[in-house]
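Written below as structure tokens is the structure these notes are about.
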Amino acid sequence: MIRIFKILSISVLMFSCASCGNNGKLGPEAVAGDFLKAYFAGEYENAVTFCTDTLSSALRSAIDSQEYESDEIREAAMEMSRNTGITVVKAVKGKDACSVSYELSLPDSTKVLKDMVLEKIGGVWKVSSIN
């Protein structure tokens with residue numbers, strides 16, 4: 001029984017270490033998708049972790065300055081945002097930069113094609129601009 005417990009403990013530890021190590025090694029498509037999911041879910045503090053320092057500051061400033069006429073309008077806007085579908089369509093990757101095209105499927109069935117640029121900084125892909 002003790003041997004089984006030790007084996008399970010070691011397995012869990014190894015899995016945890018492997019999982020932590022992959023966070024900094026996500027490809028640009030995965031980083032773009034994770035950023036978009038967090039952003040459209042209204043998880044802005046999580047979203048900015050996928051961005052360069054410059055874009056993080058700009059996003060925080062834009063989010064902080066958002067004003068709504070009422071709480072109902074703010075909640076309706078957030079609900080639309082949460083119901084937006086996101087598909088990463090294509091990535092054109094260079095050594096330290098990548099252009100990612102993505103499609104937004106809006107709640108009214110409208111589809112919008114957009115682009116973003118990611119940069120590899122210290123071995124980690126970061127969103128640097130959104131078009």
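Ordered as shown in the structure tokens, chains take letters A, B, and onward, while each chain numbers its residues from 1 and ligands are numbered from 1 in the order shown.
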
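By chain and then residue number, the residues within 12 Å of Leu59 in chain A are Tyr39, Tyr44, Glu45, Asn46, Ala47, Val48, Thr49, Phe50, Cys51, Thr52, Asp53, Thr54, Leu55, Ser56, Ala62, Ile63, Asp64, Ser65, Gln66, Val127, Ser128, Ser129 and Ile130 of chain A, counting only C-alpha atoms and disregarding those fewer than 3 positions away in sequence.
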
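Counting only C-alpha atoms, range 92-98 of chain A has the following residues at most 9 Å away, ignoring those fewer than 4 positions along the same chain: Pro28, Glu29, Met116, Val117, Leu118, Glu119, Lys120, Ile121, Gly123 and Trp125 of chain A.
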
Atom-to-atom span, CA of Ala41 in chain A and CA of Lys25 in chain A, Å: 23.4 Å

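What separates CA of Thr87 in chain A from CA of Leu36 in chain A is a distance of 9.3 Å.
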
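Rounded to one decimal, CA of Thr84 in chain A and CA of Pro107 in chain A lie 5.9 Å from each other.
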
Sel. of alpha helix (DSSP H) residues, chain A, as number ranges by chain: A: 2-23, 28-40, 44-47, 53-64, 71-82

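The smallest atom-to-atom distance between Ser81 in chain A and any of A:Ser61, A:Ser101, A:Glu67, A:Gly42, using only C-alpha atoms, is found for A:Gly42.
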
Top pick for closest residue to Asp34 in chain A, considering A:Asp108, A:Met80, A:Tyr68, A:Val88 and counting only C-alpha atoms: A:Val88
